[in-house]
>>> print(open('start.cif').read())   # mmCIF, C-alpha atoms and all ligand atoms
data_my_file
loop_
_atom_site.label_atom_id
_atom_site.label_comp_id
_atom_site.auth_asym_id
_atom_site.auth_seq_id
_atom_site.Cartn_x
_atom_site.Cartn_y
_atom_site.Cartn_z
CA MET A 1 0.00 0.00 0.00
CA ALA A 2 1.20 3.46 -0.80
CA LEU A 3 0.15 6.90 0.34
CA GLU A 4 -1.20 8.49 -2.83
CA ARG A 5 -3.01 11.56 -4.07
CA THR A 6 -5.69 11.54 -6.75
CA LEU A 7 -7.78 14.19 -8.50
CA SER A 8 -11.55 14.00 -8.09
CA ILE A 9 -14.18 16.15 -9.81
CA ILE A 10 -17.82 16.20 -8.78
CA LYS A 11 -19.34 16.86 -12.22
CA PRO A 12 -22.15 19.36 -13.04
CA ASP A 13 -24.94 16.77 -12.78
CA ALA A 14 -24.05 15.79 -9.21
CA VAL A 15 -23.46 19.42 -8.17
CA ALA A 16 -26.94 20.22 -9.55
CA LYS A 17 -28.38 17.37 -7.47
CA ASN A 18 -26.86 19.01 -4.36
CA VAL A 19 -24.95 15.89 -3.29
CA ILE A 20 -21.44 17.35 -2.79
CA GLY A 21 -21.69 16.59 0.93
CA GLU A 22 -22.95 13.03 0.42
CA ILE A 23 -20.05 12.32 -1.93
CA TYR A 24 -17.53 13.93 0.47
CA THR A 25 -18.88 11.67 3.24
CA ARG A 26 -18.10 8.62 1.11
CA PHE A 27 -14.52 9.82 0.63
CA GLU A 28 -14.14 10.41 4.36
CA LYS A 29 -15.66 7.08 5.38
CA ALA A 30 -13.20 5.35 3.01
CA GLY A 31 -10.28 7.09 4.73
CA LEU A 32 -9.59 9.58 1.94
CA LYS A 33 -8.71 13.11 3.08
CA ILE A 34 -9.60 16.22 1.06
CA VAL A 35 -6.25 18.05 0.84
CA ALA A 36 -7.26 20.70 -1.74
CA ALA A 37 -10.62 21.86 -3.08
CA ARG A 38 -12.08 24.42 -5.46
CA TYR A 39 -15.66 25.08 -6.62
CA LYS A 40 -15.77 26.68 -10.05
CA GLN A 41 -17.26 26.95 -13.52
CA LEU A 42 -14.82 25.43 -16.03
CA SER A 43 -14.20 27.36 -19.25
CA ARG A 44 -14.40 25.44 -22.53
CA ALA A 45 -10.60 25.71 -22.90
CA GLU A 46 -10.05 24.33 -19.38
CA ALA A 47 -12.36 21.36 -19.99
CA GLU A 48 -10.80 20.65 -23.40
CA GLY A 49 -7.32 20.76 -21.87
CA PHE A 50 -8.27 18.53 -18.98
CA TYR A 51 -9.73 15.85 -21.27
CA ALA A 52 -7.16 16.37 -24.07
CA VAL A 53 -6.34 12.64 -24.03
CA HIS A 54 -9.87 12.03 -25.40
CA ARG A 55 -9.83 14.79 -28.08
CA GLU A 56 -10.02 12.35 -31.03
CA ARG A 57 -12.82 10.29 -29.47
CA PRO A 58 -16.37 10.63 -30.87
CA PHE A 59 -17.76 11.63 -27.47
CA PHE A 60 -15.25 14.48 -26.91
CA LYS A 61 -17.54 17.39 -27.85
CA ALA A 62 -20.41 16.00 -25.74
CA LEU A 63 -18.03 15.42 -22.83
CA VAL A 64 -16.73 19.01 -22.94
CA ASP A 65 -20.24 20.47 -23.38
CA PHE A 66 -21.37 18.50 -20.34
CA MET A 67 -18.38 19.47 -18.19
CA ILE A 68 -19.08 23.19 -18.78
CA SER A 69 -22.87 22.88 -18.36
CA GLY A 70 -22.62 24.04 -14.74
CA PRO A 71 -20.17 24.43 -11.87
CA VAL A 72 -17.98 21.56 -10.66
CA MET A 73 -16.33 20.75 -7.33
CA ILE A 74 -12.68 19.80 -7.77
CA GLN A 75 -10.62 18.14 -5.03
CA ALA A 76 -7.35 16.37 -4.40
CA LEU A 77 -7.82 13.29 -2.21
CA GLU A 78 -5.02 11.73 -0.19
CA GLY A 79 -4.80 8.32 1.45
CA GLU A 80 -3.52 4.76 1.18
CA ASP A 81 -4.15 3.54 -2.39
CA ALA A 82 -6.17 6.69 -3.01
CA ILE A 83 -6.32 6.25 -6.81
CA ALA A 84 -7.82 2.74 -6.81
CA LYS A 85 -9.90 3.41 -3.70
CA ASN A 86 -11.54 6.43 -5.34
CA ARG A 87 -12.19 4.46 -8.55
CA GLN A 88 -13.88 1.74 -6.45
CA LEU A 89 -16.06 4.33 -4.71
CA MET A 90 -16.97 5.83 -8.13
CA GLY A 91 -18.00 2.59 -9.86
CA ALA A 92 -17.94 1.86 -13.59
CA THR A 93 -17.97 4.70 -16.17
CA ASP A 94 -21.44 3.60 -17.35
CA PRO A 95 -23.74 3.80 -14.31
CA LYS A 96 -25.80 0.90 -15.71
CA LYS A 97 -22.69 -1.26 -15.15
CA ALA A 98 -21.68 0.29 -11.81
CA ASP A 99 -21.82 -1.89 -8.69
CA ALA A 100 -24.63 -1.17 -6.23
CA GLY A 101 -23.65 1.35 -3.60
CA THR A 102 -21.10 3.17 -5.76
CA ILE A 103 -21.32 6.90 -6.41
CA ARG A 104 -22.23 6.40 -10.07
CA ALA A 105 -24.84 3.74 -9.31
CA ASP A 106 -26.47 6.06 -6.80
CA PHE A 107 -26.10 9.50 -8.42
CA ALA A 108 -25.31 9.17 -12.17
CA ASP A 109 -27.94 9.22 -14.91
CA SER A 110 -25.95 8.12 -17.98
CA ILE A 111 -22.45 7.43 -19.30
CA ASP A 112 -22.25 11.13 -20.22
CA ALA A 113 -23.68 12.56 -16.99
CA ASN A 114 -21.83 10.22 -14.65
CA ALA A 115 -21.41 12.31 -11.49
CA VAL A 116 -17.67 12.08 -10.84
CA HIS A 117 -14.21 11.97 -12.36
CA GLY A 118 -11.24 10.22 -10.76
CA SER A 119 -7.64 9.90 -11.93
CA ASP A 120 -6.84 6.45 -13.35
CA ALA A 121 -3.09 6.12 -12.57
CA ALA A 122 -0.30 7.73 -10.56
CA GLU A 123 1.08 9.61 -13.58
CA THR A 124 -2.29 11.05 -14.59
CA ALA A 125 -3.09 11.92 -10.96
CA ALA A 126 0.03 14.06 -10.69
CA VAL A 127 -0.70 15.85 -13.99
CA GLU A 128 -4.39 16.35 -13.16
CA ILE A 129 -3.75 17.72 -9.64
CA ALA A 130 -1.18 20.16 -11.08
CA TYR A 131 -3.71 21.17 -13.77
CA PHE A 132 -5.99 22.70 -11.13
CA PHE A 133 -3.86 23.34 -8.02
CA ALA A 134 -0.55 25.05 -7.33
CA ALA A 135 1.79 22.90 -5.22
CA THR A 136 1.24 25.23 -2.24
CA GLU A 137 -2.55 24.70 -2.43
CA VAL A 138 -2.33 20.95 -1.73
CA VAL A 139 -1.76 20.55 2.01
CA SER A 140 -1.36 17.13 3.70
CA ARG A 141 -2.56 16.64 7.27
P1 LIG A 201 -13.50 10.03 -15.92
O1 LIG A 201 -12.23 10.21 -16.73
O2 LIG A 201 -14.50 11.14 -16.14
O3 LIG A 201 -13.20 9.78 -14.47
O4 LIG A 201 -14.24 8.70 -16.40
P2 LIG A 201 -13.62 7.30 -16.73
O5 LIG A 201 -12.15 7.29 -16.44
O6 LIG A 201 -14.47 6.30 -16.02
O7 LIG A 201 -13.88 7.19 -18.28
P3 LIG A 201 -12.96 7.68 -19.52
O8 LIG A 201 -12.75 6.52 -20.41
O9 LIG A 201 -11.74 8.41 -19.02
O10 LIG A 201 -13.92 8.70 -20.26
C1 LIG A 201 -14.07 10.04 -19.80
C2 LIG A 201 -15.53 10.40 -19.82
O11 LIG A 201 -15.98 10.40 -21.16
C3 LIG A 201 -17.32 9.92 -21.21
N1 LIG A 201 -17.40 8.76 -22.07
N2 LIG A 201 -18.36 8.57 -22.90
N3 LIG A 201 -20.08 7.52 -24.87
C4 LIG A 201 -19.00 6.84 -24.54
O12 LIG A 201 -18.70 5.78 -25.02
C5 LIG A 201 -18.14 7.41 -23.52
N4 LIG A 201 -17.03 6.88 -23.06
C6 LIG A 201 -16.56 7.73 -22.14
C7 LIG A 201 -17.74 9.54 -19.82
O13 LIG A 201 -18.53 10.59 -19.28
C8 LIG A 201 -16.43 9.40 -19.07
O14 LIG A 201 -16.58 9.72 -17.71
MG MG A 202 -10.83 8.72 -17.21
#
>>> encode(input="start.cif", output="structure tokens")
Amino acid sequence: MALERTLSIIKPDAVAKNVIGEIYTRFEKAGLKIVAARYKQLSRAEAEGFYAVHRERPFFKALVDFMISGPVMIQALEGEDAIAKNRQLMGATDPKKADAGTIRADFADSIDANAVHGSDAAETAAVEIAYFFAATEVVSR
């Protein structure tokens, strides 16, 4: 087990459902600490840059349109195996395939409006955290 950090985004659909607190409680109960956080409206350029790895995919435009459809809550989570632990809490990308009790099973409506983002590997976590937070804004405790 390794102490890790991961980037989490509560997407516009879940923010609109007013479940930021319920999702934060799941992080906390799993032993993940919120070590940076920002609530904001992403610009189109920010969303396109964040999901640049998907820019050639057919769903890219819909993904960016969705991510800028309302404000998001962005956080860095820290804990043992934080990257995999957060992905387990999230559930599968398509909420129809997500295990019962996961965030996506409980709060997501579709593969497009799927409630949360979580980094998928250590390398992407480091890049994604730095995309939104200065090093001095991420504070372990
Ligand atoms: P995320 O990056 O948002 O945490 O989601 P993920 O790792 O589970 O899924 P990823 O493959 O990275 O895809 C990013 C987002 O693009 C949308 N998507 N749509 N229509 C489709 O086939 C499709 N595939 C992916 C999803 O909203 C996914 O969260
Ligand atoms: Mg992904």
>>> closest_residue(input="start.cif", among="A:Ala37, A:Ile68, A:Ala30, A:Ala121", to="ligand MG 202 (chain A)", atoms="all atoms listed in the file")
A:Ala121
>>> closest_atom_pairs(input="start.cif", of="chain A", to="ligand MG 202 (chain A)", cutoff="9 Å", atoms="only C-alpha atoms and all ligand atoms", output="Markdown table")
| residue | atom | partner | partner_atom | distance |
| --- | --- | --- | --- | --- |
| A:Tyr51 | CA | A:MG202 | MG | 8.3 |
| A:His54 | CA | A:MG202 | MG | 8.9 |
| A:Thr93 | CA | A:MG202 | MG | 8.3 |
| A:His117 | CA | A:MG202 | MG | 6.7 |
| A:Gly118 | CA | A:MG202 | MG | 6.6 |
| A:Ser119 | CA | A:MG202 | MG | 6.3 |
| A:Asp120 | CA | A:MG202 | MG | 6.0 |
>>> closest_atom_pairs(input="start.cif", of="chain A", to="ligand LIG 201 (chain A)", cutoff="10 Å", atoms="all atoms listed in the file", output="CSV")
residue,atom,partner,partner_atom,distance
A:Leu7,CA,A:LIG201,O3,9.2
A:Ser8,CA,A:LIG201,O3,7.8
A:Ile9,CA,A:LIG201,O3,8.0
A:Ile10,CA,A:LIG201,O2,9.5
A:Lys11,CA,A:LIG201,O2,8.5
A:Phe50,CA,A:LIG201,O1,9.5
A:Tyr51,CA,A:LIG201,C1,7.4
A:Val53,CA,A:LIG201,O9,8.5
A:His54,CA,A:LIG201,C1,7.3
A:Arg57,CA,A:LIG201,N4,8.4
A:Pro58,CA,A:LIG201,N3,7.7
A:Phe59,CA,A:LIG201,N3,5.4
A:Phe60,CA,A:LIG201,O11,7.1
A:Lys61,CA,A:LIG201,O11,9.8
A:Ala62,CA,A:LIG201,C3,8.2
A:Leu63,CA,A:LIG201,O11,5.7
A:Val64,CA,A:LIG201,O11,8.8
A:Phe66,CA,A:LIG201,O13,8.5
A:Met67,CA,A:LIG201,O13,8.9
A:Asn86,CA,A:LIG201,O3,9.9
A:Arg87,CA,A:LIG201,O3,8.0
A:Met90,CA,A:LIG201,O6,8.3
A:Gly91,CA,A:LIG201,O6,8.0
A:Ala92,CA,A:LIG201,O6,6.1
A:Thr93,CA,A:LIG201,O6,3.9
A:Asp94,CA,A:LIG201,C7,7.4
A:Pro95,CA,A:LIG201,O6,9.8
A:Arg104,CA,A:LIG201,O6,9.8
A:Ala108,CA,A:LIG201,O13,9.9
A:Ser110,CA,A:LIG201,O13,7.9
A:Ile111,CA,A:LIG201,O13,5.0
A:Asp112,CA,A:LIG201,O13,3.9
A:Ala113,CA,A:LIG201,O13,6.0
A:Asn114,CA,A:LIG201,O13,5.7
A:Ala115,CA,A:LIG201,O14,8.3
A:Val116,CA,A:LIG201,O3,6.2
A:His117,CA,A:LIG201,O3,3.2
A:Gly118,CA,A:LIG201,O3,4.2
A:Ser119,CA,A:LIG201,O3,6.1
A:Asp120,CA,A:LIG201,O5,6.2
A:Ala121,CA,A:LIG201,O5,9.9
>>> atom_distance(input="start.cif", atom1="atom CA of A:Thr124", atom2="atom CA of A:Ile83")
10.0 Å
>>> atom_distance(input="start.cif", atom1="atom CA of A:Ala125", atom2="atom CA of A:Leu32")
14.6 Å
>>> residues_around(input="start.cif", residues="A:Ala16", least_positions_apart="4", cutoff="9 Å", atoms="all atoms listed in the file", output="ChimeraX atom specification")
/A:11-12,70-71
>>> atom_distance(input="start.cif", atom1="atom CA of A:Ala134", atom2="atom CA of A:Ala52")
20.0 Å
>>> closest_residue(input="start.cif", among="A:Leu3, A:Ile20, A:Ala76, A:Val15", to="A:Ala135", atoms="all atoms listed in the file")
A:Ala76
>>> closest_residue(input="start.cif", among="A:Asp65, A:Glu137, A:Glu80, A:Asp106", to="A:Glu22", atoms="all atoms listed in the file")
A:Asp106
>>> residues_around(input="start.cif", residues="A:Ile34", least_positions_apart="4", cutoff="7 Å", atoms="all atoms listed in the file", output="mmCIF file with C-alpha atoms, in the frame of the given file")
data_model
loop_
_atom_site.group_PDB
_atom_site.id
_atom_site.type_symbol
_atom_site.label_atom_id
_atom_site.label_comp_id
_atom_site.auth_asym_id
_atom_site.auth_seq_id
_atom_site.Cartn_x
_atom_site.Cartn_y
_atom_site.Cartn_z
ATOM 1 C CA GLN A 75 -10.620 18.140 -5.030
ATOM 2 C CA ALA A 76 -7.350 16.370 -4.400
ATOM 3 C CA LEU A 77 -7.820 13.290 -2.210
ATOM 4 C CA GLU A 78 -5.020 11.730 -0.190
#
>>> residues_around(input="start.cif", residues="A:Thr136", least_positions_apart="3", cutoff="10 Å", atoms="all atoms listed in the file", output="number ranges by chain")
A: 36, 133, 139
>>> write_last_selection(input="start.cif", atoms="C-alpha atoms", output="PDB file, in the frame of the given file")
ATOM      1  CA  ALA A  36      -7.260  20.700  -1.740  1.00  0.00           C
ATOM      2  CA  PHE A 133      -3.860  23.340  -8.020  1.00  0.00           C
ATOM      3  CA  VAL A 139      -1.760  20.550   2.010  1.00  0.00           C
TER       4      VAL A 139
END
>>> closest_residue(input="start.cif", among="A:Lys40, A:Thr6, A:Met1, A:Glu48", to="A:Ala130", atoms="only C-alpha atoms")
A:Thr6
>>> residues_around(input="start.cif", residues="A:Leu89", least_positions_apart="6", cutoff="8 Å", atoms="all atoms listed in the file", output="ChimeraX atom specification")
/A:26-27,102-103
>>> decode(input="start.cif", residues="stretch 97-113 of chain A", atoms="all heavy atoms", output="tab-separated table (two decimals), in the first residue's frame")
chain	number	residue	atom	x	y	z
A	97	LYS	N	-23.62	-0.16	-15.45
A	97	LYS	CA	-22.69	-1.26	-15.15
A	97	LYS	C	-22.02	-1.08	-13.79
A	97	LYS	O	-21.20	-1.91	-13.39
A	97	LYS	CB	-21.62	-1.35	-16.24
A	97	LYS	CG	-22.19	-1.67	-17.61
A	97	LYS	CD	-21.11	-1.70	-18.68
A	97	LYS	CE	-21.73	-1.95	-20.05
A	97	LYS	NZ	-20.86	-1.51	-21.15
A	98	ALA	N	-22.35	0.00	-13.09
A	98	ALA	CA	-21.68	0.29	-11.81
A	98	ALA	C	-22.26	-0.57	-10.69
A	98	ALA	O	-23.47	-0.79	-10.63
A	98	ALA	CB	-21.83	1.77	-11.48
A	99	ASP	N	-21.37	-1.07	-9.82
A	99	ASP	CA	-21.82	-1.89	-8.69
A	99	ASP	C	-22.76	-1.08	-7.78
A	99	ASP	O	-22.60	0.14	-7.62
A	99	ASP	CB	-20.62	-2.35	-7.85
A	99	ASP	CG	-19.79	-3.39	-8.58
A	99	ASP	OD1	-20.31	-4.02	-9.53
A	99	ASP	OD2	-18.62	-3.58	-8.19
A	100	ALA	N	-23.71	-1.79	-7.18
A	100	ALA	CA	-24.63	-1.17	-6.23
A	100	ALA	C	-23.83	-0.50	-5.11
A	100	ALA	O	-22.81	-1.03	-4.65
A	100	ALA	CB	-25.57	-2.22	-5.66
A	101	GLY	N	-24.30	0.65	-4.70
A	101	GLY	CA	-23.65	1.35	-3.60
A	101	GLY	C	-22.51	2.25	-4.01
A	101	GLY	O	-21.96	2.97	-3.18
A	102	THR	N	-22.14	2.25	-5.31
A	102	THR	CA	-21.10	3.17	-5.76
A	102	THR	C	-21.72	4.54	-6.07
A	102	THR	O	-22.94	4.68	-6.21
A	102	THR	CB	-20.39	2.63	-7.02
A	102	THR	OG1	-21.35	2.47	-8.07
A	102	THR	CG2	-19.72	1.29	-6.73
A	103	ILE	N	-20.85	5.54	-6.16
A	103	ILE	CA	-21.32	6.90	-6.41
A	103	ILE	C	-22.09	6.97	-7.73
A	103	ILE	O	-23.17	7.57	-7.81
A	103	ILE	CB	-20.12	7.88	-6.42
A	103	ILE	CG1	-19.49	7.97	-5.02
A	103	ILE	CG2	-20.55	9.26	-6.93
A	103	ILE	CD1	-18.13	8.66	-5.00
A	104	ARG	N	-21.55	6.34	-8.77
A	104	ARG	CA	-22.23	6.40	-10.07
A	104	ARG	C	-23.54	5.61	-10.06
A	104	ARG	O	-24.52	6.05	-10.67
A	104	ARG	CB	-21.28	5.94	-11.18
A	104	ARG	CG	-20.27	7.05	-11.53
A	104	ARG	CD	-19.15	6.56	-12.39
A	104	ARG	NE	-18.37	7.65	-13.00
A	104	ARG	CZ	-17.18	7.49	-13.55
A	104	ARG	NH1	-16.61	6.29	-13.58
A	104	ARG	NH2	-16.55	8.52	-14.06
A	105	ALA	N	-23.57	4.49	-9.39
A	105	ALA	CA	-24.84	3.74	-9.31
A	105	ALA	C	-25.90	4.59	-8.61
A	105	ALA	O	-27.07	4.57	-8.99
A	105	ALA	CB	-24.63	2.43	-8.57
A	106	ASP	N	-25.49	5.33	-7.61
A	106	ASP	CA	-26.47	6.06	-6.80
A	106	ASP	C	-26.82	7.45	-7.36
A	106	ASP	O	-27.93	7.92	-7.14
A	106	ASP	CB	-25.94	6.22	-5.36
A	106	ASP	CG	-25.92	4.90	-4.61
A	106	ASP	OD1	-26.57	3.93	-5.09
A	106	ASP	OD2	-25.25	4.81	-3.57
A	107	PHE	N	-25.87	8.10	-8.05
A	107	PHE	CA	-26.10	9.50	-8.42
A	107	PHE	C	-26.02	9.79	-9.92
A	107	PHE	O	-26.40	10.89	-10.34
A	107	PHE	CB	-25.12	10.42	-7.69
A	107	PHE	CG	-25.20	10.33	-6.19
A	107	PHE	CD1	-24.09	9.98	-5.44
A	107	PHE	CD2	-26.39	10.58	-5.53
A	107	PHE	CE1	-24.15	9.89	-4.05
A	107	PHE	CE2	-26.48	10.49	-4.14
A	107	PHE	CZ	-25.36	10.15	-3.40
A	108	ALA	N	-25.49	8.87	-10.75
A	108	ALA	CA	-25.31	9.17	-12.17
A	108	ALA	C	-26.52	8.75	-12.98
A	108	ALA	O	-27.20	7.78	-12.64
A	108	ALA	CB	-24.06	8.45	-12.69
A	109	ASP	N	-26.78	9.49	-14.06
A	109	ASP	CA	-27.94	9.22	-14.91
A	109	ASP	C	-27.58	8.50	-16.20
A	109	ASP	O	-28.41	7.84	-16.80
A	109	ASP	CB	-28.64	10.54	-15.26
A	109	ASP	CG	-29.21	11.22	-14.04
A	109	ASP	OD1	-29.71	10.50	-13.16
A	109	ASP	OD2	-29.14	12.46	-13.97
A	110	SER	N	-26.33	8.68	-16.67
A	110	SER	CA	-25.95	8.12	-17.98
A	110	SER	C	-24.43	8.09	-18.06
A	110	SER	O	-23.75	8.65	-17.20
A	110	SER	CB	-26.49	9.01	-19.10
A	110	SER	OG	-25.82	10.26	-19.09
A	111	ILE	N	-23.91	7.47	-19.12
A	111	ILE	CA	-22.45	7.43	-19.30
A	111	ILE	C	-21.89	8.84	-19.52
A	111	ILE	O	-20.74	9.10	-19.22
A	111	ILE	CB	-22.06	6.48	-20.45
A	111	ILE	CG1	-20.55	6.18	-20.42
A	111	ILE	CG2	-22.51	7.01	-21.80
A	111	ILE	CD1	-20.11	5.06	-21.33
A	112	ASP	N	-22.71	9.75	-20.02
A	112	ASP	CA	-22.25	11.13	-20.22
A	112	ASP	C	-22.34	11.93	-18.92
A	112	ASP	O	-21.38	12.58	-18.53
A	112	ASP	CB	-23.09	11.81	-21.30
A	112	ASP	CG	-22.94	11.09	-22.63
A	112	ASP	OD1	-21.80	10.95	-23.09
A	112	ASP	OD2	-23.97	10.67	-23.19
A	113	ALA	N	-23.48	11.85	-18.26
A	113	ALA	CA	-23.68	12.56	-16.99
A	113	ALA	C	-23.44	11.55	-15.87
A	113	ALA	O	-24.38	10.94	-15.35
A	113	ALA	CB	-25.08	13.14	-16.92
